[in-house]
$ cat query03.pdb   # PDB, C-alpha atoms
ATOM      1  CA  MET Q   1      32.880  89.927-101.938
ATOM      2  CA  SER Q   2      35.986  89.040 -99.942
ATOM      3  CA  THR Q   3      37.044  91.063 -96.916
ATOM      4  CA  GLY Q   4      40.661  89.950 -97.128
ATOM      5  CA  LEU Q   5      40.215  87.665 -94.130
ATOM      6  CA  GLY Q   6      38.985  84.742 -96.169
ATOM      7  CA  GLU Q   7      35.486  85.916 -95.359
ATOM      8  CA  GLY Q   8      32.343  86.201 -97.411
ATOM      9  CA  VAL Q   9      29.322  88.450 -97.112
ATOM     10  CA  TYR Q  10      26.031  87.008 -95.897
ATOM     11  CA  GLU Q  11      22.693  88.799 -96.150
ATOM     12  CA  VAL Q  12      20.539  88.474 -93.021
ATOM     13  CA  PHE Q  13      16.761  88.010 -93.106
ATOM     14  CA  ALA Q  14      14.430  87.727 -90.131
ATOM     15  CA  ARG Q  15      10.846  87.917 -88.928
ATOM     16  CA  LYS Q  16       9.481  88.679 -85.488
ATOM     17  CA  ARG Q  17       6.365  86.524 -85.673
ATOM     18  CA  ARG Q  18       5.190  83.425 -87.462
ATOM     19  CA  GLY Q  19       3.240  84.434 -90.547
ATOM     20  CA  GLU Q  20       5.097  87.718 -91.065
ATOM     21  CA  PRO Q  21       7.208  87.987 -94.200
ATOM     22  CA  LEU Q  22      10.950  87.593 -93.813
ATOM     23  CA  ARG Q  23      12.587  90.958 -94.261
ATOM     24  CA  HIS Q  24      16.136  91.933 -95.003
ATOM     25  CA  ILE Q  25      17.692  93.359 -91.828
ATOM     26  CA  GLY Q  26      21.369  93.699 -92.782
ATOM     27  CA  TYR Q  27      24.499  91.777 -93.580
ATOM     28  CA  ILE Q  28      27.570  90.368 -91.889
ATOM     29  CA  ASP Q  29      31.023  89.165 -92.926
ATOM     30  CA  ALA Q  30      31.867  85.611 -91.921
ATOM     31  CA  PRO Q  31      34.419  82.965 -92.907
ATOM     32  CA  GLY Q  32      31.803  80.237 -93.364
ATOM     33  CA  ASP Q  33      28.170  79.260 -92.944
ATOM     34  CA  GLU Q  34      28.423  78.175 -89.303
ATOM     35  CA  LEU Q  35      30.052  81.393 -88.086
ATOM     36  CA  ALA Q  36      27.644  83.361 -90.289
ATOM     37  CA  ARG Q  37      24.764  81.876 -88.285
ATOM     38  CA  VAL Q  38      26.426  82.825 -84.987
ATOM     39  CA  TYR Q  39      27.478  86.325 -86.064
ATOM     40  CA  ALA Q  40      24.048  87.120 -87.477
ATOM     41  CA  TRP Q  41      22.290  86.012 -84.299
ATOM     42  CA  LYS Q  42      24.706  87.905 -82.080
ATOM     43  CA  THR Q  43      24.843  91.036 -84.238
ATOM     44  CA  TYR Q  44      21.108  91.491 -84.751
ATOM     45  CA  ASP Q  45      20.011  90.511 -81.258
ATOM     46  CA  GLU Q  46      18.057  93.687 -80.487
ATOM     47  CA  GLU Q  47      14.805  91.888 -81.255
ATOM     48  CA  SER Q  48      13.386  88.610 -80.074
ATOM     49  CA  TRP Q  49      13.299  87.053 -83.534
ATOM     50  CA  PHE Q  50      10.956  84.197 -84.326
ATOM     51  CA  GLU Q  51      13.099  83.215 -87.304
ATOM     52  CA  MET Q  52      16.380  84.339 -88.823
ATOM     53  CA  CYS Q  53      18.179  83.132 -91.953
ATOM     54  CA  VAL Q  54      21.441  83.997 -93.660
ATOM     55  CA  VAL Q  55      22.077  83.802 -97.395
ATOM     56  CA  PRO Q  56      25.499  84.086 -99.029
ATOM     57  CA  ARG Q  57      25.488  87.317-101.008
ATOM     58  CA  GLY Q  58      26.684  85.358-104.025
ATOM     59  CA  ALA Q  59      23.450  83.354-104.003
ATOM     60  CA  VAL Q  60      21.169  86.384-104.357
ATOM     61  CA  ILE Q  61      20.230  86.893-107.987
ATOM     62  CA  PRO Q  62      18.746  90.287-108.851
ATOM     63  CA  VAL Q  63      15.593  90.240-110.920
ATOM     64  CA  ASN Q  64      14.915  93.768-112.136
ATOM     65  CA  ARG Q  65      18.009  95.833-111.300
ATOM     66  CA  VAL Q  66      21.602  95.478-112.408
ATOM     67  CA  GLU Q  67      23.321  97.752-109.890
ATOM     68  CA  GLY Q  68      23.728  97.466-106.109
ATOM     69  CA  PRO Q  69      25.304  94.834-103.876
ATOM     70  CA  TRP Q  70      24.059  91.882-105.936
ATOM     71  CA  ALA Q  71      24.969  93.287-109.353
ATOM     72  CA  LYS Q  72      27.776  90.787-109.838
ATOM     73  CA  ASN Q  73      25.261  87.935-109.614
ATOM     74  CA  VAL Q  74      23.272  88.942-112.671
ATOM     75  CA  PRO Q  75      23.396  85.856-114.893
ATOM     76  CA  GLU Q  76      24.777  86.039-118.386
ATOM     77  CA  GLU Q  77      21.909  86.851-120.676
ATOM     78  CA  ALA Q  78      20.221  83.618-121.579
ATOM     79  CA  ASP Q  79      20.092  82.541-125.172
ATOM     80  CA  GLY Q  80      16.798  83.162-126.868
ATOM     81  CA  PRO Q  81      14.285  80.385-127.488
TER      82      PRO Q  81
ATOM     83  CA  MET J  82      33.106  79.276 -43.572
ATOM     84  CA  THR J  83      32.564  76.412 -45.981
ATOM     85  CA  PRO J  84      29.170  76.763 -47.714
ATOM     86  CA  ALA J  85      26.786  73.841 -48.008
ATOM     87  CA  PRO J  86      27.312  71.717 -51.142
ATOM     88  CA  LEU J  87      24.452  73.281 -53.112
ATOM     89  CA  ALA J  88      25.565  76.836 -52.312
ATOM     90  CA  ARG J  89      29.161  75.983 -53.194
ATOM     91  CA  HIS J  90      27.989  74.603 -56.522
ATOM     92  CA  ILE J  91      26.010  77.722 -57.378
ATOM     93  CA  LEU J  92      28.862  80.010 -56.318
ATOM     94  CA  SER J  93      31.250  78.013 -58.456
ATOM     95  CA  LEU J  94      29.007  78.297 -61.512
ATOM     96  CA  ALA J  95      28.248  81.991 -60.967
ATOM     97  CA  ASP J  96      31.838  83.060 -60.298
ATOM     98  CA  THR J  97      33.084  81.128 -63.321
ATOM     99  CA  LYS J  98      30.506  82.821 -65.514
ATOM    100  CA  ARG J  99      31.362  86.227 -64.145
ATOM    101  CA  LEU J 100      35.085  85.757 -64.769
ATOM    102  CA  LEU J 101      34.460  84.231 -68.192
ATOM    103  CA  GLY J 102      32.419  87.319 -69.077
ATOM    104  CA  ILE J 103      35.343  89.522 -68.113
ATOM    105  CA  ARG J 104      37.796  87.469 -70.153
ATOM    106  CA  TYR J 105      35.483  87.586 -73.185
ATOM    107  CA  SER J 106      35.078  91.335 -72.748
ATOM    108  CA  ASP J 107      38.845  91.779 -73.043
ATOM    109  CA  TRP J 108      38.417  90.888 -76.733
ATOM    110  CA  LEU J 109      35.584  93.214 -77.733
ATOM    111  CA  LEU J 110      38.259  95.161 -79.571
ATOM    112  CA  GLY J 111      41.245  93.501 -81.170
ATOM    113  CA  SER J 112      39.521  90.283 -82.182
ATOM    114  CA  PRO J 113      39.913  89.146 -85.800
ATOM    115  CA  SER J 114      36.888  90.985 -87.231
ATOM    116  CA  ILE J 115      34.128  93.389 -86.220
ATOM    117  CA  GLU J 116      31.605  90.556 -86.196
ATOM    118  CA  THR J 117      33.860  88.482 -83.946
ATOM    119  CA  GLY J 118      34.117  91.376 -81.499
ATOM    120  CA  ILE J 119      30.345  91.808 -81.505
ATOM    121  CA  ALA J 120      29.945  88.090 -80.808
ATOM    122  CA  ALA J 121      32.490  88.353 -77.970
ATOM    123  CA  SER J 122      30.539  91.303 -76.570
ATOM    124  CA  SER J 123      27.255  89.418 -76.735
ATOM    125  CA  MET J 124      28.762  86.290 -75.177
ATOM    126  CA  SER J 125      30.272  88.424 -72.441
ATOM    127  CA  GLN J 126      26.878  89.895 -71.624
ATOM    128  CA  ASP J 127      25.286  86.438 -71.723
ATOM    129  CA  GLU J 128      27.771  85.262 -69.112
ATOM    130  CA  TRP J 129      27.113  88.221 -66.832
ATOM    131  CA  GLY J 130      23.357  87.808 -67.166
ATOM    132  CA  HIS J 131      23.642  84.132 -66.277
ATOM    133  CA  ALA J 132      25.905  84.962 -63.339
ATOM    134  CA  ARG J 133      23.342  87.400 -61.948
ATOM    135  CA  LEU J 134      20.591  84.791 -62.183
ATOM    136  CA  LEU J 135      22.790  82.262 -60.425
ATOM    137  CA  TYR J 136      23.796  84.697 -57.656
ATOM    138  CA  ALA J 137      20.107  85.471 -57.162
ATOM    139  CA  MET J 138      19.444  81.769 -56.518
ATOM    140  CA  LEU J 139      21.654  82.036 -53.446
ATOM    141  CA  LYS J 140      19.074  84.262 -51.786
ATOM    142  CA  ARG J 141      16.867  81.177 -51.497
ATOM    143  CA  LEU J 142      19.717  79.550 -49.554
ATOM    144  CA  GLY J 143      20.072  82.409 -47.069
ATOM    145  CA  PHE J 144      22.853  84.419 -48.719
ATOM    146  CA  ASP J 145      22.837  88.157 -49.333
ATOM    147  CA  PRO J 146      23.335  88.390 -53.135
ATOM    148  CA  PHE J 147      24.750  91.924 -52.837
ATOM    149  CA  GLU J 148      27.473  90.793 -50.454
ATOM    150  CA  VAL J 149      28.238  87.795 -52.673
ATOM    151  CA  GLU J 150      28.458  89.884 -55.845
ATOM    152  CA  HIS J 151      30.128  93.012 -54.591
ATOM    153  CA  GLU J 152      32.002  92.425 -51.332
ATOM    154  CA  ARG J 153      34.198  89.336 -51.628
ATOM    155  CA  PRO J 154      38.000  89.493 -52.025
ATOM    156  CA  ALA J 155      39.695  87.579 -54.863
ATOM    157  CA  ALA J 156      40.782  84.852 -52.443
ATOM    158  CA  ARG J 157      37.112  83.986 -51.887
ATOM    159  CA  TYR J 158      36.212  83.554 -55.555
ATOM    160  CA  TYR J 159      35.156  80.070 -56.626
ATOM    161  CA  SER J 160      35.877  80.489 -60.347
ATOM    162  CA  ALA J 161      37.641  77.973 -62.593
ATOM    163  CA  PRO J 162      41.446  78.496 -62.409
ATOM    164  CA  ALA J 163      41.746  78.720 -66.219
ATOM    165  CA  LEU J 164      40.217  82.209 -65.932
ATOM    166  CA  ASP J 165      42.563  83.584 -63.277
ATOM    167  CA  HIS J 166      44.580  85.513 -65.876
ATOM    168  CA  PRO J 167      43.778  87.196 -69.211
ATOM    169  CA  PHE J 168      43.893  85.128 -72.386
ATOM    170  CA  ALA J 169      47.307  85.475 -74.021
ATOM    171  CA  ASP J 170      46.087  85.487 -77.617
ATOM    172  CA  TRP J 171      43.128  84.677 -79.851
ATOM    173  CA  ALA J 172      43.901  80.937 -79.827
ATOM    174  CA  HIS J 173      43.698  81.074 -76.029
ATOM    175  CA  PHE J 174      40.302  82.795 -76.267
ATOM    176  CA  VAL J 175      39.000  80.143 -78.669
ATOM    177  CA  SER J 176      40.296  77.312 -76.471
ATOM    178  CA  ALA J 177      38.500  78.817 -73.478
ATOM    179  CA  VAL J 178      35.219  78.983 -75.395
ATOM    180  CA  VAL J 179      35.520  75.273 -76.160
ATOM    181  CA  VAL J 180      37.008  74.019 -72.884
ATOM    182  CA  VAL J 181      35.753  76.320 -70.106
ATOM    183  CA  ASP J 182      32.470  77.448 -71.621
ATOM    184  CA  GLY J 183      31.913  73.858 -72.785
ATOM    185  CA  ALA J 184      32.499  72.525 -69.256
ATOM    186  CA  LEU J 185      30.145  75.191 -67.897
ATOM    187  CA  SER J 186      27.438  74.078 -70.305
ATOM    188  CA  VAL J 187      27.793  70.469 -69.198
ATOM    189  CA  ALA J 188      27.610  71.561 -65.547
ATOM    190  CA  LEU J 189      24.522  73.651 -66.251
ATOM    191  CA  GLU J 190      22.802  70.900 -68.212
ATOM    192  CA  SER J 191      23.413  68.544 -65.318
ATOM    193  CA  PHE J 192      22.075  71.139 -62.835
ATOM    194  CA  ALA J 193      18.983  71.851 -64.976
ATOM    195  CA  ASN J 194      18.059  68.186 -64.836
ATOM    196  CA  GLY J 195      18.454  67.890 -61.061
ATOM    197  CA  LYS J 196      16.091  68.486 -58.151
ATOM    198  CA  PHE J 197      16.726  72.189 -57.473
ATOM    199  CA  ALA J 198      13.576  73.916 -58.713
ATOM    200  CA  LEU J 199      15.205  77.260 -59.536
ATOM    201  CA  ALA J 200      17.762  75.518 -61.713
ATOM    202  CA  ARG J 201      15.086  73.525 -63.487
ATOM    203  CA  SER J 202      13.158  76.690 -64.323
ATOM    204  CA  ARG J 203      15.956  79.177 -65.080
ATOM    205  CA  VAL J 204      18.874  77.248 -66.505
ATOM    206  CA  PRO J 205      17.250  75.976 -69.739
ATOM    207  CA  LYS J 206      17.188  79.513 -71.186
ATOM    208  CA  MET J 207      20.877  79.870 -70.341
ATOM    209  CA  LEU J 208      21.565  76.636 -72.182
ATOM    210  CA  ALA J 209      19.724  77.915 -75.258
ATOM    211  CA  GLU J 210      22.008  80.968 -75.296
ATOM    212  CA  GLU J 211      25.043  78.799 -74.639
ATOM    213  CA  GLU J 212      24.307  76.873 -77.823
ATOM    214  CA  TYR J 213      25.582  79.865 -79.815
ATOM    215  CA  HIS J 214      28.769  79.943 -77.715
ATOM    216  CA  ARG J 215      29.288  76.286 -78.544
ATOM    217  CA  ARG J 216      28.833  76.896 -82.261
ATOM    218  CA  PHE J 217      31.183  79.874 -82.124
ATOM    219  CA  GLY J 218      33.862  77.892 -80.285
ATOM    220  CA  THR J 219      33.589  74.812 -82.470
ATOM    221  CA  ALA J 220      33.719  76.773 -85.725
ATOM    222  CA  TRP J 221      36.700  78.910 -84.666
ATOM    223  CA  PHE J 222      38.586  75.977 -83.157
ATOM    224  CA  SER J 223      38.147  73.955 -86.354
ATOM    225  CA  ARG J 224      39.216  76.924 -88.456
ATOM    226  CA  LEU J 225      42.442  77.513 -86.513
ATOM    227  CA  ALA J 226      43.195  73.800 -86.301
ATOM    228  CA  ALA J 227      42.752  73.375 -90.059
ATOM    229  CA  ALA J 228      45.165  76.242 -90.748
ATOM    230  CA  GLU J 229      47.898  74.243 -88.959
ATOM    231  CA  GLY J 230      51.222  75.974 -88.201
ATOM    232  CA  GLU J 231      51.685  78.394 -85.304
ATOM    233  CA  GLY J 232      47.972  79.039 -84.751
ATOM    234  CA  ALA J 233      47.122  75.347 -84.414
ATOM    235  CA  ALA J 234      50.098  74.807 -82.087
ATOM    236  CA  ARG J 235      48.978  77.662 -79.819
ATOM    237  CA  LEU J 236      45.430  76.308 -79.877
ATOM    238  CA  ARG J 237      46.608  72.861 -78.808
ATOM    239  CA  ASP J 238      48.898  74.241 -76.085
ATOM    240  CA  SER J 239      46.267  76.540 -74.606
ATOM    241  CA  ALA J 240      43.578  73.832 -74.631
ATOM    242  CA  ARG J 241      45.974  71.370 -73.020
ATOM    243  CA  SER J 242      46.971  73.887 -70.362
ATOM    244  CA  MET J 243      43.413  74.588 -69.222
ATOM    245  CA  LEU J 244      41.912  71.090 -69.440
ATOM    246  CA  PRO J 245      43.287  69.499 -66.219
ATOM    247  CA  THR J 246      42.132  72.272 -63.861
ATOM    248  CA  THR J 247      38.851  72.700 -65.722
ATOM    249  CA  LEU J 248      38.104  68.977 -65.475
ATOM    250  CA  ALA J 249      38.831  69.170 -61.735
ATOM    251  CA  TRP J 250      36.444  72.134 -61.488
ATOM    252  CA  LEU J 251      33.773  70.149 -63.355
ATOM    253  CA  LEU J 252      34.422  66.880 -61.488
ATOM    254  CA  PRO J 253      35.565  67.833 -57.968
ATOM    255  CA  GLY J 254      35.429  64.246 -56.703
ATOM    256  CA  ASP J 255      35.191  65.433 -53.092
ATOM    257  CA  ASP J 256      32.679  64.843 -50.298
ATOM    258  CA  ALA J 257      30.653  67.986 -50.994
ATOM    259  CA  HIS J 258      30.212  67.012 -54.614
ATOM    260  CA  ASP J 259      29.320  63.434 -53.699
ATOM    261  CA  THR J 260      26.575  64.865 -51.477
ATOM    262  CA  LEU J 261      25.302  66.964 -54.373
ATOM    263  CA  VAL J 262      25.095  63.844 -56.551
ATOM    264  CA  ALA J 263      23.473  61.777 -53.796
ATOM    265  CA  ASP J 264      20.859  64.499 -53.262
ATOM    266  CA  GLY J 265      19.974  64.421 -56.957
ATOM    267  CA  HIS J 266      21.098  67.965 -57.763
ATOM    268  CA  VAL J 267      23.630  67.006 -60.441
ATOM    269  CA  TRP J 268      24.543  64.022 -62.605
ATOM    270  CA  PRO J 269      27.034  61.419 -61.351
ATOM    271  CA  GLU J 270      30.626  61.668 -62.613
ATOM    272  CA  ASP J 271      30.381  59.049 -65.362
ATOM    273  CA  ARG J 272      27.410  60.771 -66.956
ATOM    274  CA  VAL J 273      29.162  64.143 -66.817
ATOM    275  CA  ARG J 274      32.251  62.594 -68.416
ATOM    276  CA  ASP J 275      30.149  61.040 -71.171
ATOM    277  CA  ARG J 276      28.396  64.325 -71.935
ATOM    278  CA  CYS J 277      31.685  66.195 -71.869
ATOM    279  CA  ALA J 278      33.206  63.735 -74.323
ATOM    280  CA  GLN J 279      30.125  63.989 -76.537
ATOM    281  CA  LEU J 280      30.359  67.778 -76.713
ATOM    282  CA  LEU J 281      34.119  68.356 -76.712
ATOM    283  CA  GLN J 282      36.018  65.322 -77.954
ATOM    284  CA  GLY J 283      35.386  65.814 -81.661
ATOM    285  CA  THR J 284      36.618  69.387 -81.517
ATOM    286  CA  LEU J 285      39.662  68.669 -79.335
ATOM    287  CA  ALA J 286      40.642  65.749 -81.554
ATOM    288  CA  THR J 287      41.342  68.186 -84.402
ATOM    289  CA  VAL J 288      44.511  69.223 -82.534
ATOM    290  CA  GLY J 289      45.314  65.697 -81.354
ATOM    291  CA  ILE J 290      43.913  65.919 -77.820
ATOM    292  CA  ASP J 291      42.256  62.803 -76.390
ATOM    293  CA  LEU J 292      40.001  63.933 -73.556
ATOM    294  CA  GLY J 293      39.981  60.411 -72.121
ATOM    295  CA  THR J 294      43.667  60.670 -71.271
ATOM    296  CA  VAL J 295      43.413  64.013 -69.412
ATOM    297  CA  GLU J 296      43.483  63.662 -65.632
ATOM    298  CA  PRO J 297      41.784  66.291 -63.438
ATOM    299  CA  ALA J 298      44.439  68.383 -61.620
ATOM    300  CA  ARG J 299      43.418  68.369 -57.950
ATOM    301  CA  ASP J 300      46.757  69.205 -56.316
ATOM    302  CA  GLY J 301      46.321  71.688 -53.474
ATOM    303  CA  TRP J 302      42.552  71.266 -53.649
ATOM    304  CA  ASP J 303      40.551  73.827 -51.675
ATOM    305  CA  PRO J 304      37.280  72.129 -50.675
ATOM    306  CA  GLU J 305      35.647  75.423 -49.738
ATOM    307  CA  ARG J 306      36.165  77.013 -53.151
ATOM    308  CA  ARG J 307      35.947  73.789 -55.172
ATOM    309  CA  ARG J 308      39.174  74.551 -56.995
ATOM    310  CA  GLY J 309      42.928  74.327 -56.769
ATOM    311  CA  PRO J 310      45.251  76.987 -55.349
ATOM    312  CA  GLY J 311      45.390  80.581 -56.576
ATOM    313  CA  ALA J 312      42.730  83.187 -57.277
ATOM    314  CA  PRO J 313      41.613  85.422 -60.123
ATOM    315  CA  ALA J 314      43.795  88.466 -60.740
ATOM    316  CA  GLU J 315      42.864  91.426 -58.559
ATOM    317  CA  GLU J 316      42.137  93.677 -61.554
ATOM    318  CA  ALA J 317      39.500  91.228 -62.833
ATOM    319  CA  VAL J 318      37.896  90.928 -59.414
ATOM    320  CA  GLU J 319      37.706  94.723 -59.086
ATOM    321  CA  ARG J 320      35.742  94.717 -62.349
ATOM    322  CA  ALA J 321      33.595  91.764 -61.234
ATOM    323  CA  ARG J 322      32.680  93.556 -57.997
ATOM    324  CA  GLY J 323      32.120  96.870 -59.753
ATOM    325  CA  ASP J 324      34.507  98.684 -57.407
ATOM    326  CA  ARG J 325      34.713 101.829 -59.514
ATOM    327  CA  ASN J 326      30.933 102.204 -59.598
ATOM    328  CA  ARG J 327      30.358 101.455 -55.955
ATOM    329  CA  ASP J 328      28.817 104.851 -55.225
ATOM    330  CA  LEU J 329      26.422 104.522 -58.153
ATOM    331  CA  PHE J 330      24.892 101.106 -57.489
ATOM    332  CA  VAL J 331      21.175 100.935 -58.092
ATOM    333  CA  GLU J 332      19.427  97.767 -56.995
TER     334      GLU J 332
END
$ encode --input "query03.pdb" --output "structure tokens"
Amino acid sequence: MSTGLGEGVYEVFARKRRGEPLRHIGYIDAPGDELARVYAWKTYDEESWFEMCVVPRGAVIPVNRVEGPWAKNVPEEADGP
Amino acid sequence: MTPAPLARHILSLADTKRLLGIRYSDWLLGSPSIETGIAASSMSQDEWGHARLLYAMLKRLGFDPFEVEHERPAARYYSAPALDHPFADWAHFVSAVVVVDGALSVALESFANGKFALARSRVPKMLAEEEYHRRFGTAWFSRLAAAEGEGAARLRDSARSMLPTTLAWLLPGDDAHDTLVADGHVWPEDRVRDRCAQLLQGTLATVGIDLGTVEPARDGWDPERRRGPGAPAEEAVERARGDRNRDLFVE
């Protein structure tokens, strides 16, 4: 997760028009939420986005797969009922 | 020849943006991370785009934009003195984003709310883009200030060094500027000071700077260029004019 610069990874989501689904367009490294917003906007500025959001990679919880960039976020298996 | 107050104002804004773009571009490589370099690149291009729009406004006032952009010597640049030389280090870069880019934003906001129609229609989009420069500067300044030590000391020293001349650039306090205020093209000095304090004071306070105690440095004031003595370094002006591409210009 860390880049060695005190930074974290943020996933970037965006949509071009109101009503379209947000889609994952990439990720950036940033040392905090505020710079993550700036870096995402400046890095993925090839489109005129209607909306863009960033999500800390650590907050993305995989649902059906246990490998890939979010693998570390798989919760401990919940106790049964 | 001394330009009329409105033309001097536009030249001052445009030249400062052009030089700021060059200074930002010096850090496309060598900044603390890839994302920071990309942001510096984008901010650099923002500044050049804004400069072009501002130079184009001069056509309405009887100037030849090509001559203004590509023919003037360094001694006839109207840019803020804080940009005359390259930034010494990353703390210097960050200070310039807060102080010089911040002052530019205040000047533009004032101009966008004045009587000049082209400013009213074109400057608001610049201000929207400048909002990301402000966020970048504030976040980086706070980060370096919080780390204390050498980085915070360099941040404080570089901000202190550029504030007096930048305040003089923002608040010329001369007859031409008084005319600009009287004609309703820009805000009066007290309103500019208030807005400047609103935008910058919180950030500058993190390294112990009180904006209210900084006096504009107007020694050797040049009323034609709306700045103190000196000029941007020749190498930067060659880039600003596009000297090496002169044979390839396409308008």
$ closest_atom_pairs --input "query03.pdb" --of "chain Q" --to "chain J" --cutoff "12 Å" --atoms "only C-alpha atoms" --output "JSON lines"
{"residue": "Q:Thr3", "atom": "CA", "partner": "J:Ser114", "partner_atom": "CA", "distance": 9.7}
{"residue": "Q:Gly4", "atom": "CA", "partner": "J:Ser114", "partner_atom": "CA", "distance": 10.6}
{"residue": "Q:Leu5", "atom": "CA", "partner": "J:Ser114", "partner_atom": "CA", "distance": 8.3}
{"residue": "Q:Gly6", "atom": "CA", "partner": "J:Arg224", "partner_atom": "CA", "distance": 11.0}
{"residue": "Q:Glu7", "atom": "CA", "partner": "J:Ser114", "partner_atom": "CA", "distance": 9.7}
{"residue": "Q:Val9", "atom": "CA", "partner": "J:Glu116", "partner_atom": "CA", "distance": 11.3}
{"residue": "Q:Tyr10", "atom": "CA", "partner": "J:Glu116", "partner_atom": "CA", "distance": 11.7}
{"residue": "Q:Tyr27", "atom": "CA", "partner": "J:Glu116", "partner_atom": "CA", "distance": 10.3}
{"residue": "Q:Ile28", "atom": "CA", "partner": "J:Glu116", "partner_atom": "CA", "distance": 7.0}
{"residue": "Q:Asp29", "atom": "CA", "partner": "J:Glu116", "partner_atom": "CA", "distance": 6.9}
{"residue": "Q:Ala30", "atom": "CA", "partner": "J:Glu116", "partner_atom": "CA", "distance": 7.6}
{"residue": "Q:Pro31", "atom": "CA", "partner": "J:Arg224", "partner_atom": "CA", "distance": 8.9}
{"residue": "Q:Gly32", "atom": "CA", "partner": "J:Ala220", "partner_atom": "CA", "distance": 8.6}
{"residue": "Q:Asp33", "atom": "CA", "partner": "J:Ala220", "partner_atom": "CA", "distance": 9.4}
{"residue": "Q:Glu34", "atom": "CA", "partner": "J:Ala220", "partner_atom": "CA", "distance": 6.5}
{"residue": "Q:Leu35", "atom": "CA", "partner": "J:Phe217", "partner_atom": "CA", "distance": 6.3}
{"residue": "Q:Ala36", "atom": "CA", "partner": "J:Glu116", "partner_atom": "CA", "distance": 9.2}
{"residue": "Q:Arg37", "atom": "CA", "partner": "J:Tyr213", "partner_atom": "CA", "distance": 8.7}
{"residue": "Q:Val38", "atom": "CA", "partner": "J:Tyr213", "partner_atom": "CA", "distance": 6.0}
{"residue": "Q:Tyr39", "atom": "CA", "partner": "J:Glu116", "partner_atom": "CA", "distance": 5.9}
{"residue": "Q:Ala40", "atom": "CA", "partner": "J:Glu116", "partner_atom": "CA", "distance": 8.4}
{"residue": "Q:Trp41", "atom": "CA", "partner": "J:Tyr213", "partner_atom": "CA", "distance": 8.3}
{"residue": "Q:Lys42", "atom": "CA", "partner": "J:Ala120", "partner_atom": "CA", "distance": 5.4}
{"residue": "Q:Thr43", "atom": "CA", "partner": "J:Ile119", "partner_atom": "CA", "distance": 6.2}
{"residue": "Q:Tyr44", "atom": "CA", "partner": "J:Ile119", "partner_atom": "CA", "distance": 9.8}
{"residue": "Q:Asp45", "atom": "CA", "partner": "J:Ser123", "partner_atom": "CA", "distance": 8.6}
{"residue": "Q:Glu46", "atom": "CA", "partner": "J:Ser123", "partner_atom": "CA", "distance": 10.8}
$ resolve_selection --input "query03.pdb" --expression "the PyMOL selection byres ((chain J and resi 305) around 7)" --output "PDB file with C-alpha atoms, in the frame of the given file"
ATOM      1  CA  THR J  83      32.564  76.412 -45.981  1.00  0.00           C
ATOM      2  CA  PRO J  84      29.170  76.763 -47.714  1.00  0.00           C
ATOM      3  CA  ASP J 303      40.551  73.827 -51.675  1.00  0.00           C
ATOM      4  CA  PRO J 304      37.280  72.129 -50.675  1.00  0.00           C
ATOM      5  CA  ARG J 306      36.165  77.013 -53.151  1.00  0.00           C
ATOM      6  CA  ARG J 307      35.947  73.789 -55.172  1.00  0.00           C
TER       7      ARG J 307
END
$ residues_around --input "query03.pdb" --residues "Leu100 (chain J)" --least-positions-apart "3" --cutoff "7 Å" --atoms "only C-alpha atoms" --output "list in words"
Asp96, Thr97, Ile103, Arg104, Ser160 and Leu164 of chain J
$ write_last_selection --input "query03.pdb" --atoms "C-alpha atoms" --output "PDB file, in the frame of the given file"
ATOM      1  CA  ASP J  96      31.838  83.060 -60.298  1.00  0.00           C
ATOM      2  CA  THR J  97      33.084  81.128 -63.321  1.00  0.00           C
ATOM      3  CA  ILE J 103      35.343  89.522 -68.113  1.00  0.00           C
ATOM      4  CA  ARG J 104      37.796  87.469 -70.153  1.00  0.00           C
ATOM      5  CA  SER J 160      35.877  80.489 -60.347  1.00  0.00           C
ATOM      6  CA  LEU J 164      40.217  82.209 -65.932  1.00  0.00           C
TER       7      LEU J 164
END
$ atom_distance --input "query03.pdb" --atom1 "CA of Phe147 (chain J)" --atom2 "CA of Asp328 (chain J)"
13.8 Å
$ residues_around --input "query03.pdb" --residues "region 19-24 of chain Q" --least-positions-apart "3" --cutoff "10 Å" --atoms "all atoms listed in the file" --output "number ranges by chain"
Q: 11-16, 27, 50-54
